[in-house]
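Here's the structure we're looking at; comments come further down.
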Amino acid sequence: MTGGRGWQQRTDVVVIGTGVGGLAAARAARRAGRDVVVLSKADTGYAVTATHYAQGGIAVVLPGTDDSVEAHVADTIAAGGGLCDADAVTSIVADGYRAVAELAGAGAQFDRAPDGSWALTREGGHSRRRIIHAGGDATGAEVQRALDHAAAGLDIRWGQVVLQILRDADTVTGVLVANADGIGVIHAPSVVLATGGVGHLYRATTNPGGATGDGLALALRAGVAVSDLEFIQFHPTMLFAGGNGATGGRRPLVTEAVRGEGARLIDSRGASVTAGVHPMGDLAPRDVVAGAIDARLRETGDPCVFLDAREIAGFEGRFPTVTAACRAAGIDPASQPIPVVPGAHYSCGGVVTDIHGRTELPGLFAAGEVGRTGMHGANRLASNSLLEGLVVGDRAGSAAAAHAVSAGRVQAGAPERGGHAVLDRPILQQAMSRDASVVRDAPGLQRLTDLLSTAQERIITDRTGFEDAALMLVAQVVAGAALARTESRGCHHRAEFSGADPGQARSATVRLRGGAVALETPAGAAS
């Protein structure tokens, strides 16, 4: 890393990230009476989190409906491809209504049905209408607004790049941070990672620009395990317009709720994309729908398929965000089918934690997309992400506060020095999009692995360099785990293996050993 210590500060809990997991954690730690510092690498708080861009809603079992915790758990486990932790799923789902009610108490306004109750929609993989939403298809923006408002009294600092988790032999001691004042240390016994996902491993993604795998890289370099990173969910319906295949960056998604309200996926000839693929058709789990679209595009050579929503009455009022994105691309969804393709959307794996966000390193916690509780398994069920972020974020903040009390004052040791392997970002994204996308195969993954091995070590001097190094490390993990999983399971599709192998119904963990990525079986033996 660059430099050593300059400025120094102390606090009880450091939270890295300002989305749903981060702000839920920060509020919980502050309620517990701890001093909390929230860090964001963004220069401004406006529209910088994946939470803000979430469209569909929050999956939650509401009292007085025909739904049940057991039904929601069953749907989640069915989508998860045999890798969900059933106890974790049950715990998080059962706590969902409390978390959502608390968010509503903090000011979140969810859409209402004519009788005044929260309006419910249905999305892929769900057997019930259990998705609450806000602003039609602007749920994330409303969740972020409410959390931002509720967090107004917190110490939130912008333009802060966390370069390293500092630790001694046994526990976390703080973070190394770069900001406008230079490089310095915040001494803290508890650190919560809430840094989001990895979408910018790929050329086109639904994620905002900050989704560069930072928290995963920080955890790995601190000696902490990650798991299930081969399971990257590609949202089936990312808007295809304006040369999607030629340019990168964040692309609008077309929420799954559009299909929940009756829209149909068709190809350029008007034929159904999912007919005969799955009993739930267009409302099958995301991995199934994304795979069906990819197969149809390979078959036809077309650049995209289409989502026909012309039969949905009042489309603009129900889906204003989608309507605006379509019109910005010159598409009128009321009269034209919407061109869509799968796009990198969500990392089902992450830093290994328990249901309270605790990692194996005392003092280090993770919440939101960066964490892996076992909730999502091999494929996340739609609208379970905001649910998990609220529940586990709150729990992680409480656990971090408790740890800070028990650990007391800590003194951070000297940060490590040296460089990290970095590959030119456009080259990395092109290779990942080609060889580790919706469908992978051994030759492509080996070609990707060979390319990654040519990366050059550089000294990190700025945010871009830090992000590029994080993306490089995460790409190595994804490629290695995907190559080792010789089956198709959840959102990991291998061209050579059409089905799942019962002998591989397990999650593998990855660590850094001697600076190299090492894949382990759950029992800890080399895989």
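Note on naming: chains are A, B, ... as they come in the structure tokens, residues start from 1 per chain, ligands start from 1 in the order shown.
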According to DSSP computed on the backbone, where in range 268-507 of chain A is there strand (DSSP E or B)? Give the residues as a PyMOL selection string. chain A and resi 272+305-308+338-347+350-352+358+364-366+371-372+420-422+439-440+456-458+489+492-494+497
Please report, as JSON lines, each residue of range 121-234 of chain A lying at most 8 Å from range 34-57 of chain A, together with the nearest pair of atoms and the separation in Å rounded to one decimal; use only C-alpha atoms, and order rows by chain and ascending residue number.
```
{"residue": "A:Ile131", "atom": "CA", "partner": "A:Gly57", "partner_atom": "CA", "distance": 5.7}
{"residue": "A:Ile132", "atom": "CA", "partner": "A:Gly57", "partner_atom": "CA", "distance": 5.4}
{"residue": "A:His133", "atom": "CA", "partner": "A:Gly57", "partner_atom": "CA", "distance": 4.4}
{"residue": "A:Ala134", "atom": "CA", "partner": "A:Gly57", "partner_atom": "CA", "distance": 7.2}
{"residue": "A:Asp137", "atom": "CA", "partner": "A:Gln55", "partner_atom": "CA", "distance": 4.7}
{"residue": "A:Ala138", "atom": "CA", "partner": "A:Gln55", "partner_atom": "CA", "distance": 4.9}
{"residue": "A:Thr139", "atom": "CA", "partner": "A:Gly57", "partner_atom": "CA", "distance": 5.3}
{"residue": "A:Gly140", "atom": "CA", "partner": "A:Ala54", "partner_atom": "CA", "distance": 4.3}
{"residue": "A:Ala141", "atom": "CA", "partner": "A:His52", "partner_atom": "CA", "distance": 4.3}
{"residue": "A:Glu142", "atom": "CA", "partner": "A:His52", "partner_atom": "CA", "distance": 7.6}
{"residue": "A:Val143", "atom": "CA", "partner": "A:His52", "partner_atom": "CA", "distance": 7.3}
{"residue": "A:Gln144", "atom": "CA", "partner": "A:His52", "partner_atom": "CA", "distance": 5.6}
{"residue": "A:Leu154", "atom": "CA", "partner": "A:Val36", "partner_atom": "CA", "distance": 7.2}
{"residue": "A:Asp155", "atom": "CA", "partner": "A:Val37", "partner_atom": "CA", "distance": 5.2}
{"residue": "A:Ile156", "atom": "CA", "partner": "A:Val38", "partner_atom": "CA", "distance": 4.6}
{"residue": "A:Arg157", "atom": "CA", "partner": "A:Leu39", "partner_atom": "CA", "distance": 5.1}
{"residue": "A:Trp158", "atom": "CA", "partner": "A:Ser40", "partner_atom": "CA", "distance": 5.0}
{"residue": "A:Gly159", "atom": "CA", "partner": "A:Lys41", "partner_atom": "CA", "distance": 4.5}
{"residue": "A:Gln160", "atom": "CA", "partner": "A:Lys41", "partner_atom": "CA", "distance": 4.5}
{"residue": "A:Val161", "atom": "CA", "partner": "A:Lys41", "partner_atom": "CA", "distance": 4.9}
{"residue": "A:Val162", "atom": "CA", "partner": "A:Lys41", "partner_atom": "CA", "distance": 7.7}
{"residue": "A:Gly196", "atom": "CA", "partner": "A:Ala50", "partner_atom": "CA", "distance": 7.0}
{"residue": "A:Asn207", "atom": "CA", "partner": "A:Ala50", "partner_atom": "CA", "distance": 5.9}
{"residue": "A:Pro208", "atom": "CA", "partner": "A:Ala50", "partner_atom": "CA", "distance": 6.0}
{"residue": "A:Gly209", "atom": "CA", "partner": "A:Val48", "partner_atom": "CA", "distance": 7.6}
{"residue": "A:Gly210", "atom": "CA", "partner": "A:Val48", "partner_atom": "CA", "distance": 7.2}
{"residue": "A:Ala211", "atom": "CA", "partner": "A:Ala50", "partner_atom": "CA", "distance": 7.9}
```
Neighbouring residues of Val73 in chain A were defined as those with any atom within 6 Å, considering only C-alpha atoms; residues of the same chain fewer than 3 positions away were excluded. Please report them as number ranges by chain. A: 70, 76, 90
For the residues selected in the previous step, produce a file with N, CA, C and O atoms as a PDB file, in the first residue's frame.
```
ATOM      1  N   GLU A  70     -42.911 -20.001   6.286  1.00  0.00           N
ATOM      2  CA  GLU A  70     -42.524 -21.294   5.725  1.00  0.00           C
ATOM      3  C   GLU A  70     -42.556 -21.272   4.195  1.00  0.00           C
ATOM      4  O   GLU A  70     -41.667 -21.840   3.540  1.00  0.00           O
ATOM      5  N   THR A  76     -37.281 -19.482  -1.264  1.00  0.00           N
ATOM      6  CA  THR A  76     -35.880 -19.057  -1.241  1.00  0.00           C
ATOM      7  C   THR A  76     -34.948 -20.243  -1.418  1.00  0.00           C
ATOM      8  O   THR A  76     -33.984 -20.193  -2.206  1.00  0.00           O
ATOM      9  N   THR A  90     -34.410 -19.070   7.352  1.00  0.00           N
ATOM     10  CA  THR A  90     -35.559 -18.974   8.258  1.00  0.00           C
ATOM     11  C   THR A  90     -35.407 -17.801   9.216  1.00  0.00           C
ATOM     12  O   THR A  90     -36.360 -17.036   9.436  1.00  0.00           O
TER      13      THR A  90
END
```
Can you pull out the residues contacting Ala328 in chain A? Cut-off 12 Å, using only C-alpha atoms, and skip same-chain residues under 3 positions away; I want them as an NGL selection string. :A and (239-242 or 251-252 or 321-325 or 331-333)
Could you please write out, as an NGL selection string, every residue of range 293-381 of chain A that DSSP assigns to helix (DSSP H, G or I)? :A and (293-300 or 315-318 or 320-328 or 368-370)
Just N, CA, C and O atoms for this one: save the residues we selected as a short mmCIF file (atom, residue, chain, number, x, y, z; two decimals), in the first residue's frame.
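Result written to again30.cif:
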```cif
data_model
loop_
_atom_site.label_atom_id
_atom_site.label_comp_id
_atom_site.auth_asym_id
_atom_site.auth_seq_id
_atom_site.Cartn_x
_atom_site.Cartn_y
_atom_site.Cartn_z
N ILE A 293 -32.70 -16.98 -22.02
CA ILE A 293 -32.44 -15.87 -22.94
C ILE A 293 -31.10 -16.07 -23.64
O ILE A 293 -30.98 -15.91 -24.87
N ASP A 294 -30.08 -16.45 -22.87
CA ASP A 294 -28.76 -16.67 -23.47
C ASP A 294 -28.83 -17.76 -24.53
O ASP A 294 -28.27 -17.62 -25.63
N ALA A 295 -29.55 -18.84 -24.24
CA ALA A 295 -29.67 -19.93 -25.21
C ALA A 295 -30.39 -19.48 -26.48
O ALA A 295 -29.99 -19.83 -27.60
N ARG A 296 -31.45 -18.70 -26.31
CA ARG A 296 -32.19 -18.22 -27.48
C ARG A 296 -31.33 -17.28 -28.33
O ARG A 296 -31.37 -17.34 -29.57
N LEU A 297 -30.56 -16.42 -27.69
CA LEU A 297 -29.70 -15.51 -28.44
C LEU A 297 -28.60 -16.26 -29.19
O LEU A 297 -28.26 -15.91 -30.32
N ARG A 298 -28.08 -17.32 -28.58
CA ARG A 298 -27.08 -18.13 -29.28
C ARG A 298 -27.71 -18.85 -30.47
O ARG A 298 -27.09 -19.01 -31.52
N GLU A 299 -28.95 -19.27 -30.30
CA GLU A 299 -29.67 -19.99 -31.36
C GLU A 299 -29.99 -19.08 -32.54
O GLU A 299 -29.84 -19.47 -33.70
N THR A 300 -30.46 -17.87 -32.24
CA THR A 300 -30.94 -16.97 -33.30
C THR A 300 -29.86 -16.02 -33.82
O THR A 300 -29.99 -15.51 -34.94
N PHE A 315 -49.26 1.25 -17.43
CA PHE A 315 -47.85 0.87 -17.26
C PHE A 315 -47.01 2.02 -16.72
O PHE A 315 -46.22 1.84 -15.79
N GLU A 316 -47.17 3.20 -17.27
CA GLU A 316 -46.33 4.32 -16.85
C GLU A 316 -46.53 4.67 -15.37
O GLU A 316 -45.57 4.95 -14.65
N GLY A 317 -47.78 4.60 -14.90
CA GLY A 317 -48.03 4.90 -13.51
C GLY A 317 -47.47 3.85 -12.57
O GLY A 317 -46.98 4.17 -11.49
N ARG A 318 -47.52 2.59 -13.00
CA ARG A 318 -47.02 1.50 -12.16
C ARG A 318 -45.50 1.41 -12.21
O ARG A 318 -44.85 1.08 -11.22
N PRO A 320 -42.87 3.93 -13.39
CA PRO A 320 -42.34 5.19 -13.91
C PRO A 320 -40.85 5.17 -14.18
O PRO A 320 -40.38 5.81 -15.14
N THR A 321 -40.07 4.46 -13.37
CA THR A 321 -38.63 4.40 -13.58
C THR A 321 -38.29 3.68 -14.87
O THR A 321 -37.46 4.14 -15.66
N VAL A 322 -38.92 2.54 -15.09
CA VAL A 322 -38.70 1.79 -16.32
C VAL A 322 -39.15 2.61 -17.52
O VAL A 322 -38.46 2.67 -18.55
N THR A 323 -40.31 3.27 -17.41
CA THR A 323 -40.81 4.08 -18.52
C THR A 323 -39.82 5.18 -18.88
O THR A 323 -39.53 5.40 -20.07
N ALA A 324 -39.29 5.86 -17.88
CA ALA A 324 -38.33 6.94 -18.14
C ALA A 324 -37.07 6.42 -18.81
O ALA A 324 -36.54 7.03 -19.75
N ALA A 325 -36.57 5.25 -18.35
CA ALA A 325 -35.36 4.68 -18.94
C ALA A 325 -35.61 4.27 -20.39
O ALA A 325 -34.77 4.49 -21.27
N CYS A 326 -36.77 3.69 -20.64
CA CYS A 326 -37.11 3.29 -22.01
C CYS A 326 -37.23 4.51 -22.93
O CYS A 326 -36.67 4.52 -24.04
N ARG A 327 -37.91 5.53 -22.47
CA ARG A 327 -38.08 6.71 -23.32
C ARG A 327 -36.76 7.41 -23.58
O ARG A 327 -36.54 7.96 -24.66
N ALA A 328 -35.87 7.38 -22.59
CA ALA A 328 -34.55 7.98 -22.79
C ALA A 328 -33.78 7.24 -23.89
O ALA A 328 -32.90 7.81 -24.55
N GLY A 368 -25.18 -6.92 3.83
CA GLY A 368 -25.58 -6.56 2.48
C GLY A 368 -24.94 -7.47 1.46
O GLY A 368 -24.52 -8.60 1.77
N GLU A 369 -24.82 -6.99 0.23
CA GLU A 369 -24.34 -7.84 -0.86
C GLU A 369 -22.92 -8.36 -0.64
O GLU A 369 -22.59 -9.43 -1.12
N VAL A 370 -22.10 -7.63 0.07
CA VAL A 370 -20.72 -8.07 0.29
C VAL A 370 -20.64 -9.29 1.17
O VAL A 370 -19.65 -10.02 1.16
#
```
Near Ala204 in chain A, within 7 Å and counting only C-alpha atoms, which residues show up once chain neighbours fewer than 3 positions away are dropped, as a PyMOL selection string? chain A and resi 248-251+343-344
Just-selected residues, C-alpha atoms written as an mmCIF file, in the first residue's frame:
```
data_model
loop_
_atom_site.group_PDB
_atom_site.id
_atom_site.type_symbol
_atom_site.label_atom_id
_atom_site.label_comp_id
_atom_site.auth_asym_id
_atom_site.auth_seq_id
_atom_site.Cartn_x
_atom_site.Cartn_y
_atom_site.Cartn_z
ATOM 1 C CA GLY A 248 -19.744 -0.469 -20.777
ATOM 2 C CA GLY A 249 -20.895 0.956 -17.491
ATOM 3 C CA ARG A 250 -24.180 0.925 -15.605
ATOM 4 C CA ARG A 251 -27.311 0.059 -17.565
ATOM 5 C CA GLY A 343 -26.769 -8.110 -17.259
ATOM 6 C CA ALA A 344 -24.395 -8.568 -14.313
#
```
